[in-house]
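*Asks:* Compact mmCIF, C-alpha atoms and all ligand atoms, file structure05.txt:
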# COMPACT_ATOMS: atom_id res chain seq x y z
CA MET L 1 -3.98 -17.84 7.40
CA PRO L 2 -4.19 -15.12 8.58
CA ILE L 3 -1.91 -13.43 6.03
CA PHE L 4 -0.07 -10.22 6.88
CA TYR L 5 1.71 -7.82 4.59
CA PHE L 6 3.77 -4.70 5.29
CA ARG L 7 3.58 -1.73 2.91
CA ASN L 8 5.94 1.25 3.23
CA ASP L 9 4.77 4.49 1.61
CA ASP L 10 6.46 7.58 0.15
CA VAL L 11 9.73 6.18 -1.16
CA ASN L 12 11.72 8.89 -2.95
CA VAL L 13 15.29 9.44 -1.67
CA LEU L 14 17.73 6.99 -0.13
CA ASP L 15 18.15 7.72 3.57
CA GLU L 16 18.90 5.92 6.83
CA GLU L 17 15.22 5.63 7.66
CA LEU L 18 14.45 3.76 4.43
CA ILE L 19 17.37 1.42 4.98
CA ASN L 20 16.59 0.82 8.66
CA VAL L 21 12.86 0.21 8.15
CA THR L 22 13.58 -2.22 5.32
CA ARG L 23 16.07 -4.10 7.52
CA ARG L 24 13.63 -4.37 10.42
CA CYS L 25 11.32 -6.32 8.11
CA THR L 26 13.82 -8.37 6.12
CA ASP L 27 15.84 -9.30 9.23
CA GLU L 28 12.65 -10.97 10.52
CA GLY L 29 12.05 -12.67 7.15
CA VAL L 30 9.07 -10.38 6.52
CA PRO L 31 8.41 -8.99 3.01
CA ILE L 32 8.15 -5.21 2.68
CA THR L 33 6.40 -3.55 -0.27
CA HIS L 34 7.76 -0.10 -1.04
CA THR L 35 5.46 2.35 -2.81
CA VAL L 36 7.68 4.48 -5.02
CA GLU L 37 6.93 8.08 -6.08
CA PRO L 38 7.77 8.09 -9.81
CA ALA L 39 8.42 11.85 -10.21
CA ASN L 40 10.50 12.13 -7.05
CA VAL L 41 12.53 8.95 -6.75
CA THR L 42 16.27 9.51 -7.17
CA ASP L 43 18.56 7.27 -9.19
CA GLU L 44 20.54 6.53 -6.04
CA CYS L 45 17.38 5.28 -4.38
CA ILE L 46 16.39 3.20 -7.44
CA ASP L 47 19.84 1.57 -7.50
CA TRP L 48 19.53 0.66 -3.83
CA LEU L 49 15.99 -0.69 -4.20
CA ILE L 50 17.00 -2.87 -7.15
CA ALA L 51 20.08 -4.14 -5.30
CA GLU L 52 17.94 -5.01 -2.24
CA LYS L 53 15.41 -6.77 -4.41
CA SER L 54 18.04 -8.83 -6.18
CA LYS L 55 19.44 -9.91 -2.79
CA ASN L 56 15.98 -10.76 -1.46
CA PRO L 57 13.52 -11.12 -4.36
CA ARG L 58 10.51 -12.10 -2.27
CA LEU L 59 11.22 -9.86 0.70
CA VAL L 60 11.47 -6.60 -1.26
CA GLU L 61 8.63 -5.58 -3.56
CA LEU L 62 8.27 -2.34 -5.55
CA MET L 63 5.00 -0.74 -6.62
CA GLN L 64 3.74 2.67 -7.76
CA HIS L 65 2.58 5.49 -5.46
CA GLY L 66 0.70 7.92 -7.76
CA TYR L 67 2.95 10.24 -9.72
CA ASP L 68 4.43 13.29 -7.93
CA HIS L 69 2.81 13.26 -4.47
CA VAL L 70 1.63 16.86 -4.81
CA GLU L 71 -1.68 17.71 -3.18
CA ARG L 72 -4.12 19.22 -5.69
CA ASP L 73 -7.83 19.18 -5.00
CA VAL L 74 -8.48 16.70 -2.19
CA GLY L 75 -5.28 14.69 -2.60
CA GLU L 76 -3.03 13.96 -5.55
CA PHE L 77 -5.92 12.18 -7.32
CA GLY L 78 -9.69 12.20 -7.01
CA GLY L 79 -11.74 15.29 -6.22
CA ASN L 80 -12.62 17.09 -9.44
CA ARG L 81 -9.71 15.78 -11.51
CA SER L 82 -10.72 14.50 -14.96
CA TYR L 83 -10.03 11.11 -16.48
CA GLU L 84 -7.59 12.57 -19.03
CA ASP L 85 -5.65 14.52 -16.44
CA GLN L 86 -5.29 11.57 -14.08
CA PHE L 87 -4.56 9.15 -16.93
CA ALA L 88 -1.69 11.40 -18.04
CA ASP L 89 -0.08 11.46 -14.58
CA LEU L 90 -0.50 7.76 -13.90
CA SER L 91 0.77 6.91 -17.36
CA THR L 92 3.89 9.07 -17.01
CA GLY L 93 4.51 7.59 -13.59
CA LYS L 94 4.14 4.07 -14.87
CA ARG L 95 6.49 4.68 -17.80
CA ILE L 96 9.15 6.15 -15.49
CA LEU L 97 9.00 3.26 -13.04
CA GLN L 98 8.91 0.60 -15.75
CA GLU L 99 12.02 2.14 -17.29
CA LYS L 100 13.84 2.48 -13.99
CA LEU L 101 12.76 -0.75 -12.29
CA GLY L 102 12.37 -3.11 -15.24
CA ASP L 103 11.26 -6.56 -14.06
CA ALA L 104 11.25 -5.38 -10.44
CA TYR L 105 8.16 -3.23 -11.13
CA LEU L 106 4.87 -4.67 -9.84
CA PRO L 107 1.78 -3.27 -11.69
CA CYS L 108 0.16 -2.34 -8.43
CA LEU L 109 -0.94 1.18 -7.43
CA ASN L 110 -1.97 3.19 -4.42
CA PHE L 111 -3.06 6.81 -4.40
CA PRO L 112 -1.12 9.36 -2.30
CA PHE L 113 -3.12 10.83 0.61
CA GLY L 114 -5.87 8.25 -0.07
CA PRO L 115 -8.44 10.03 -2.27
CA TYR L 116 -9.50 8.78 -5.71
CA ASN L 117 -12.62 8.95 -7.85
CA LYS L 118 -14.11 6.74 -10.54
CA ASN L 119 -11.94 8.44 -13.18
CA SER L 120 -8.78 7.55 -11.22
CA MET L 121 -9.89 3.90 -11.11
CA ARG L 122 -10.85 3.81 -14.80
CA ALA L 123 -7.50 5.39 -15.77
CA ALA L 124 -5.57 2.88 -13.63
CA ASP L 125 -7.52 0.01 -15.17
CA ASP L 126 -6.95 1.31 -18.73
CA LEU L 127 -3.22 1.55 -17.96
CA GLY L 128 -3.11 -2.13 -17.09
CA PHE L 129 -2.68 -2.00 -13.31
CA ARG L 130 -3.65 -5.41 -11.94
CA ILE L 131 -3.81 -4.59 -8.25
CA ILE L 132 -5.12 -1.51 -6.49
CA CYS L 133 -4.54 -0.75 -2.81
CA SER L 134 -6.99 1.35 -0.84
CA HIS L 135 -8.28 1.17 2.74
CA TYR L 136 -10.38 -1.41 4.64
CA ASN L 137 -12.07 -0.64 7.96
CA HIS L 138 -13.57 -3.42 10.12
CA ARG L 139 -16.02 -1.17 12.01
CA LEU L 140 -19.62 -2.40 11.74
CA SER L 141 -20.87 0.86 10.24
CA ARG L 142 -18.24 0.59 7.51
CA ARG L 143 -18.94 -3.07 6.83
CA ILE L 144 -22.63 -2.26 6.40
CA MET L 145 -21.72 0.61 4.06
CA TYR L 146 -19.42 -1.75 2.08
CA ALA L 147 -22.22 -4.34 1.78
CA VAL L 148 -24.62 -1.70 0.42
CA GLY L 149 -21.91 -0.49 -1.99
CA HIS L 150 -21.22 -4.04 -3.20
CA ALA L 151 -24.93 -4.70 -3.76
CA LEU L 152 -25.21 -1.52 -5.84
CA ASN L 153 -21.75 -1.85 -7.46
CA LEU L 154 -20.69 1.55 -6.15
CA GLY L 155 -17.13 2.77 -5.62
CA GLN L 156 -18.20 5.49 -3.22
CA ILE L 157 -21.17 6.33 -0.99
CA LEU L 158 -21.41 10.05 -0.17
CA ASP L 159 -17.76 10.94 0.42
CA LYS L 160 -16.74 7.49 1.73
CA HIS L 161 -14.84 4.90 -0.30
CA VAL L 162 -16.33 1.43 -0.53
CA SER L 163 -13.64 -1.18 0.07
CA TYR L 164 -13.54 -4.12 -2.34
CA HIS L 165 -10.73 -5.75 -0.32
CA LEU L 166 -9.93 -9.17 -1.86
CA GLY L 167 -12.40 -8.58 -4.68
CA THR L 168 -12.49 -6.87 -8.06
CA TYR L 169 -13.12 -3.13 -8.20
CA PRO L 170 -16.42 -2.37 -10.02
CA ARG L 171 -16.21 -2.02 -13.81
CA THR L 172 -12.46 -2.76 -13.81
CA GLY L 173 -10.24 -5.82 -13.94
CA MET L 174 -8.27 -4.65 -10.90
CA TYR L 175 -8.01 -6.78 -7.76
CA CYS L 176 -8.11 -4.90 -4.44
CA ILE L 177 -5.70 -5.56 -1.59
CA ASP L 178 -6.55 -2.91 0.99
CA MET L 179 -4.73 -1.56 4.02
CA ALA L 180 -5.86 -2.18 7.59
CA VAL L 181 -3.65 -0.76 10.34
CA SER L 182 -1.06 2.00 10.61
CA PHE L 183 1.78 2.48 13.06
CA ILE L 184 0.93 6.17 13.21
CA ASP L 185 -1.64 7.44 15.67
CA LYS L 186 -1.34 11.16 14.85
CA TYR L 187 0.51 13.10 12.17
CA ILE L 188 2.10 16.31 13.44
CA GLY L 189 2.69 19.28 11.13
CA GLU L 190 2.35 19.64 7.37
CA HIS L 191 2.65 16.78 4.91
CA GLY L 192 6.32 15.97 4.49
CA SER L 193 7.06 16.54 8.17
CA ASN L 194 8.73 13.62 9.87
CA THR L 195 7.05 14.07 13.23
CA CYS L 196 4.19 11.92 14.46
CA GLU L 197 2.85 10.06 17.44
CA PHE L 198 3.17 6.30 17.04
CA HIS L 199 0.87 3.75 18.61
CA SER L 200 2.55 1.69 21.32
CA ALA L 201 3.41 -1.95 20.55
CA GLU L 202 0.52 -2.97 22.84
CA LYS L 203 -1.90 -0.71 20.99
CA MET L 204 -0.72 -2.09 17.63
CA ALA L 205 -1.50 -5.61 18.87
CA GLU L 206 -4.88 -4.43 20.12
CA ASN L 207 -5.67 -2.73 16.78
CA ILE L 208 -4.74 -5.83 14.78
CA THR L 209 -6.85 -8.30 16.79
CA PRO L 210 -10.38 -7.36 15.56
CA PHE L 211 -9.33 -7.63 11.90
CA LEU L 212 -8.72 -11.36 12.49
CA ASN L 213 -12.51 -11.79 12.68
CA PHE L 214 -13.28 -10.10 9.40
CA THR L 215 -10.54 -10.64 6.81
CA PRO L 216 -7.88 -13.25 6.06
CA VAL L 217 -5.48 -10.58 4.75
CA ILE L 218 -4.31 -7.75 7.00
CA GLY L 219 -2.12 -4.92 5.75
CA VAL L 220 0.21 -3.03 8.09
CA LEU L 221 1.22 0.45 6.95
CA LEU L 222 4.67 1.98 7.43
CA HIS L 223 6.01 5.43 6.55
CA HIS L 224 9.76 5.06 6.89
CA ARG L 225 10.51 8.80 7.23
CA PHE L 226 9.00 8.87 10.72
CA HIS L 227 11.16 6.01 12.01
CA HIS L 228 14.26 7.99 12.95
CA THR L 229 14.64 6.80 16.54
CA GLU L 230 15.70 3.39 17.80
CA GLU L 231 12.46 3.14 19.76
CA SER L 232 10.36 3.69 16.63
CA LEU L 233 12.35 1.00 14.81
CA ASP L 234 11.94 -1.40 17.75
CA LEU L 235 8.19 -0.84 17.45
CA ILE L 236 8.32 -2.50 14.01
CA THR L 237 10.25 -5.50 15.30
CA LYS L 238 7.95 -5.86 18.34
CA THR L 239 4.86 -5.76 16.12
CA ILE L 240 6.29 -8.39 13.76
CA ARG L 241 7.16 -10.61 16.72
CA HIS L 242 3.66 -10.19 18.13
CA ILE L 243 2.13 -11.21 14.77
CA LYS L 244 4.37 -14.29 14.78
CA THR L 245 2.57 -15.42 17.95
CA ILE L 246 -0.84 -15.40 16.18
CA PRO L 247 -1.67 -19.02 15.28
CA GLY L 248 -1.21 -19.69 11.56
CA ALA L 249 0.05 -16.19 10.78
CA GLU L 250 1.98 -15.89 7.52
CA PHE L 251 3.82 -12.97 5.95
CA LEU L 252 3.43 -12.64 2.18
CA ASN L 253 4.21 -9.94 -0.33
CA ILE L 254 1.40 -8.39 -2.40
CA GLU L 255 2.11 -10.43 -5.52
CA GLU L 256 1.96 -13.62 -3.46
CA ILE L 257 -1.34 -12.49 -1.91
CA TYR L 258 -2.70 -11.82 -5.39
CA ASN L 259 -1.66 -15.24 -6.63
CA ARG L 260 -2.96 -16.95 -3.49
CA THR L 261 -6.31 -15.19 -3.06
CA CYS L 262 -7.44 -13.83 -6.44
CA PRO L 263 -9.75 -16.48 -7.93
CA ASP L 264 -8.64 -15.70 -11.49
CA PRO L 265 -5.21 -14.05 -11.52
CA GLY L 266 -5.03 -12.29 -14.88
CA LYS L 267 -2.76 -13.36 -17.65
CA GLY L 268 0.19 -11.19 -18.61
CA PHE L 269 0.61 -10.05 -15.01
CA ARG L 270 4.07 -8.70 -15.73
CA GLU L 271 3.09 -7.41 -19.21
ZN ZN V 301 2.02 8.95 0.28
What's the C-alpha cells form of this structure?
Ligand SMILES: [Zn+2]
*Replies:*
Amino acid sequence: MPIFYFRNDDVNVLDEELINVTRRCTDEGVPITHTVEPANVTDECIDWLIAEKSKNPRLVELMQHGYDHVERDVGEFGGNRSYEDQFADLSTGKRILQEKLGDAYLPCLNFPFGPYNKNSMRAADDLGFRIICSHYNHRLSRRIMYAVGHALNLGQILDKHVSYHLGTYPRTGMYCIDMAVSFIDKYIGEHGSNTCEFHSAEKMAENITPFLNFTPVIGVLLHHRFHHTEESLDLITKTIRHIKTIPGAEFLNIEEIYNRTCPDPGKGFRE
C-alpha cells in the first residue's frame, strides 16, 4: 500500500497515441486498463489490444466504456434515460465486447462523460458487471457528503454522485473502484477534440499526495488521444517515476485490486 492503477479512456481506433501511451506504462512495468467503446472499436484495434494482452497479461487490461460514447441527455447514460433504454445499450455493448475480446474481457464498466442514474446502476448489476468505476474526491465537503450518502444508502445527493469507492454500490452486487486524479487540467474544444492543457509533473505529484491520507487505492486517469507530443508522453513516465518514490507504492490492475480489496469477491467473476 498505497495501490495505484492507471485507466485509459475512450479506446476505439488503433493510433500512435494509443500505442505510445500503452508503452509508457508497460515499459515501466505498470498495468494499464483500457476502457473500450463497444460500438466504435475497430477490428484492427481489437486485434492489437488482444495481442498486447497476450504479451503482457497483467499489464494490459480491457474493460467496457458504455456503448457508443454519444452524448444524449446529460452524458451517454443517466439523466432521464430509462432502465430499459440503458439496459439495451449496455447489454449490446457487453455482447459485442465479449464476442470480440473473449477471455480478455473484464466485466467492469465506466460511464462515458461520468453521469449515471440509479437505472444505469441497476441495469449494469442485472447484466452481471462485477466492478463499476466512478469518481472519488478527497475534499472534506465531498467526504462529508459521501458519509451522509452511505448512512442513507443513497447513490446521489442533489446532483452529486456519492462515491462508494472500495465498497459495494447500494442495492447491487457491484464493487466500486473509483478514479482519483487526471492528467488533464482543462479540456479545450468540443468532445472528441484532442487539445487540452495538462497538469505539470509537479502538479500531478501535488494532486496525488492528499489522496494518500484518505484511500489505499488511487486511480490515475489517462486519455491517450491527447498525448500526441513527446512532452505529454514524458509526463506519464515522470508521474509513474514519482509514484515509485512513494514508500510502499504498488501498481496493480483493476482485477488485482478487486481480488485484493473486495472482502467477498463474487463467484463466477469471468462468467
Ligand atoms: Zn469517455
*Asks:* With 12 Å as the cut-off and all atoms listed in the file counted, what is the closest atom pair between each nearby residue of chain L and ligand ZN 301 (chain V)? Distances in Å to one decimal, ordered by chain and number, as CSV.
*Replies:*
residue,atom,partner,partner_atom,distance
L:Arg7,CA,V:ZN301,ZN,11.1
L:Asn8,CA,V:ZN301,ZN,9.1
L:Asp9,CA,V:ZN301,ZN,5.4
L:Asp10,CA,V:ZN301,ZN,4.6
L:Val11,CA,V:ZN301,ZN,8.3
L:Asn12,CA,V:ZN301,ZN,10.2
L:His34,CA,V:ZN301,ZN,10.8
L:Thr35,CA,V:ZN301,ZN,8.1
L:Val36,CA,V:ZN301,ZN,9.0
L:Glu37,CA,V:ZN301,ZN,8.1
L:Pro38,CA,V:ZN301,ZN,11.6
L:Asn40,CA,V:ZN301,ZN,11.7
L:Gln64,CA,V:ZN301,ZN,10.3
L:His65,CA,V:ZN301,ZN,6.7
L:Gly66,CA,V:ZN301,ZN,8.2
L:Tyr67,CA,V:ZN301,ZN,10.1
L:Asp68,CA,V:ZN301,ZN,9.6
L:His69,CA,V:ZN301,ZN,6.5
L:Val70,CA,V:ZN301,ZN,9.4
L:Glu71,CA,V:ZN301,ZN,10.1
L:Gly75,CA,V:ZN301,ZN,9.7
L:Glu76,CA,V:ZN301,ZN,9.2
L:Phe77,CA,V:ZN301,ZN,11.5
L:Leu109,CA,V:ZN301,ZN,11.3
L:Asn110,CA,V:ZN301,ZN,8.4
L:Phe111,CA,V:ZN301,ZN,7.2
L:Pro112,CA,V:ZN301,ZN,4.1
L:Phe113,CA,V:ZN301,ZN,5.5
L:Gly114,CA,V:ZN301,ZN,7.9
L:Pro115,CA,V:ZN301,ZN,10.8
L:Ser134,CA,V:ZN301,ZN,11.8
L:His191,CA,V:ZN301,ZN,9.1
L:Gly192,CA,V:ZN301,ZN,9.2
L:Leu221,CA,V:ZN301,ZN,10.8
L:Leu222,CA,V:ZN301,ZN,10.3
L:His223,CA,V:ZN301,ZN,8.2
L:His224,CA,V:ZN301,ZN,10.9
L:Arg225,CA,V:ZN301,ZN,11.0
*Asks:* Measure the distance from CA of Lys203 in chain L to CA of Glu231 in chain L in Å and round it to one decimal.
*Replies:*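 Computing the Euclidean distance for CA of Lys203 in chain L and CA of Glu231 in chain L yields 14.9 Å.
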*Asks:* So, with all atoms listed in the file as the atoms that count, which of L:Ile32, L:Ala39, L:Met1, L:Met204 lies closest to Pro57 in chain L?
*Replies:* L:Ile32
*Asks:* Under the rule that all atoms listed in the file are counted, which of L:Phe226, L:Phe211, L:Tyr175, L:Tyr83 is the nearest residue to Ile188 in chain L?
*Replies:* L:Phe226
*Asks:* Enter the distance from CA of Arg23 in chain L to CA of Glu190 in chain L, in Å, rounded to one decimal.
*Replies:*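 Computing it gives 27.4 Å between the two atoms.
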*Asks:* Name the closest residue to Arg260 in chain L among the candidates L:Arg143, L:Val217, L:Ser120, L:Asp185; distances are taken between atoms, counting only C-alpha atoms.
*Replies:* L:Val217
*Asks:* Would you mind completing range 77-101 of chain L to N, CA and C atoms and writing the output as a PDB file, keeping the file's coordinate frame?
*Replies:*
ATOM      1  N   PHE L  77      -4.902  12.625  -6.357  1.00  0.00           N
ATOM      2  CA  PHE L  77      -5.920  12.180  -7.320  1.00  0.00           C
ATOM      3  C   PHE L  77      -7.306  12.409  -6.728  1.00  0.00           C
ATOM      4  N   GLY L  78      -8.320  12.059  -7.509  1.00  0.00           N
ATOM      5  CA  GLY L  78      -9.690  12.200  -7.010  1.00  0.00           C
ATOM      6  C   GLY L  78     -10.178  13.629  -7.063  1.00  0.00           C
ATOM      7  N   GLY L  79     -11.141  13.952  -6.218  1.00  0.00           N
ATOM      8  CA  GLY L  79     -11.740  15.290  -6.220  1.00  0.00           C
ATOM      9  C   GLY L  79     -12.382  15.565  -7.572  1.00  0.00           C
ATOM     10  N   ASN L  80     -12.043  16.715  -8.142  1.00  0.00           N
ATOM     11  CA  ASN L  80     -12.620  17.090  -9.440  1.00  0.00           C
ATOM     12  C   ASN L  80     -11.708  16.779 -10.616  1.00  0.00           C
ATOM     13  N   ARG L  81     -10.645  16.013 -10.390  1.00  0.00           N
ATOM     14  CA  ARG L  81      -9.710  15.780 -11.510  1.00  0.00           C
ATOM     15  C   ARG L  81     -10.340  14.873 -12.576  1.00  0.00           C
ATOM     16  N   SER L  82     -10.104  15.218 -13.835  1.00  0.00           N
ATOM     17  CA  SER L  82     -10.720  14.500 -14.960  1.00  0.00           C
ATOM     18  C   SER L  82      -9.984  13.178 -15.229  1.00  0.00           C
ATOM     19  N   TYR L  83     -10.641  12.366 -16.029  1.00  0.00           N
ATOM     20  CA  TYR L  83     -10.030  11.110 -16.480  1.00  0.00           C
ATOM     21  C   TYR L  83      -8.714  11.391 -17.210  1.00  0.00           C
ATOM     22  N   GLU L  84      -8.756  12.301 -18.178  1.00  0.00           N
ATOM     23  CA  GLU L  84      -7.590  12.570 -19.030  1.00  0.00           C
ATOM     24  C   GLU L  84      -6.391  13.038 -18.199  1.00  0.00           C
ATOM     25  N   ASP L  85      -6.663  13.943 -17.296  1.00  0.00           N
ATOM     26  CA  ASP L  85      -5.650  14.520 -16.440  1.00  0.00           C
ATOM     27  C   ASP L  85      -4.985  13.436 -15.562  1.00  0.00           C
ATOM     28  N   GLN L  86      -5.813  12.605 -14.972  1.00  0.00           N
ATOM     29  CA  GLN L  86      -5.290  11.570 -14.080  1.00  0.00           C
ATOM     30  C   GLN L  86      -4.602  10.462 -14.879  1.00  0.00           C
ATOM     31  N   PHE L  87      -5.175  10.155 -16.052  1.00  0.00           N
ATOM     32  CA  PHE L  87      -4.560   9.150 -16.930  1.00  0.00           C
ATOM     33  C   PHE L  87      -3.137   9.585 -17.283  1.00  0.00           C
ATOM     34  N   ALA L  88      -2.993  10.885 -17.635  1.00  0.00           N
ATOM     35  CA  ALA L  88      -1.690  11.400 -18.040  1.00  0.00           C
ATOM     36  C   ALA L  88      -0.659  11.222 -16.919  1.00  0.00           C
ATOM     37  N   ASP L  89      -1.020  11.582 -15.701  1.00  0.00           N
ATOM     38  CA  ASP L  89      -0.080  11.460 -14.580  1.00  0.00           C
ATOM     39  C   ASP L  89       0.266   9.998 -14.266  1.00  0.00           C
ATOM     40  N   LEU L  90      -0.760   9.171 -14.230  1.00  0.00           N
ATOM     41  CA  LEU L  90      -0.500   7.760 -13.900  1.00  0.00           C
ATOM     42  C   LEU L  90       0.328   7.095 -14.987  1.00  0.00           C
ATOM     43  N   SER L  91       0.056   7.486 -16.224  1.00  0.00           N
ATOM     44  CA  SER L  91       0.770   6.910 -17.360  1.00  0.00           C
ATOM     45  C   SER L  91       2.247   7.322 -17.339  1.00  0.00           C
ATOM     46  N   THR L  92       2.495   8.615 -17.090  1.00  0.00           N
ATOM     47  CA  THR L  92       3.890   9.070 -17.010  1.00  0.00           C
ATOM     48  C   THR L  92       4.603   8.355 -15.867  1.00  0.00           C
ATOM     49  N   GLY L  93       3.921   8.263 -14.744  1.00  0.00           N
ATOM     50  CA  GLY L  93       4.510   7.590 -13.590  1.00  0.00           C
ATOM     51  C   GLY L  93       4.839   6.137 -13.890  1.00  0.00           C
ATOM     52  N   LYS L  94       3.925   5.482 -14.558  1.00  0.00           N
ATOM     53  CA  LYS L  94       4.140   4.070 -14.870  1.00  0.00           C
ATOM     54  C   LYS L  94       5.322   3.893 -15.817  1.00  0.00           C
ATOM     55  N   ARG L  95       5.389   4.778 -16.832  1.00  0.00           N
ATOM     56  CA  ARG L  95       6.490   4.680 -17.800  1.00  0.00           C
ATOM     57  C   ARG L  95       7.838   4.880 -17.091  1.00  0.00           C
ATOM     58  N   ILE L  96       7.901   5.888 -16.212  1.00  0.00           N
ATOM     59  CA  ILE L  96       9.150   6.150 -15.490  1.00  0.00           C
ATOM     60  C   ILE L  96       9.571   4.926 -14.676  1.00  0.00           C
ATOM     61  N   LEU L  97       8.626   4.381 -13.910  1.00  0.00           N
ATOM     62  CA  LEU L  97       9.000   3.260 -13.040  1.00  0.00           C
ATOM     63  C   LEU L  97       9.321   2.003 -13.837  1.00  0.00           C
ATOM     64  N   GLN L  98       8.594   1.781 -14.927  1.00  0.00           N
ATOM     65  CA  GLN L  98       8.910   0.600 -15.750  1.00  0.00           C
ATOM     66  C   GLN L  98      10.316   0.724 -16.325  1.00  0.00           C
ATOM     67  N   GLU L  99      10.671   1.937 -16.745  1.00  0.00           N
ATOM     68  CA  GLU L  99      12.020   2.140 -17.290  1.00  0.00           C
ATOM     69  C   GLU L  99      13.078   1.940 -16.223  1.00  0.00           C
ATOM     70  N   LYS L 100      12.813   2.509 -15.041  1.00  0.00           N
ATOM     71  CA  LYS L 100      13.840   2.480 -13.990  1.00  0.00           C
ATOM     72  C   LYS L 100      13.920   1.138 -13.271  1.00  0.00           C
ATOM     73  N   LEU L 101      12.767   0.472 -13.109  1.00  0.00           N
ATOM     74  CA  LEU L 101      12.760  -0.750 -12.290  1.00  0.00           C
ATOM     75  C   LEU L 101      12.773  -2.025 -13.130  1.00  0.00           C
TER      76      LEU L 101
END
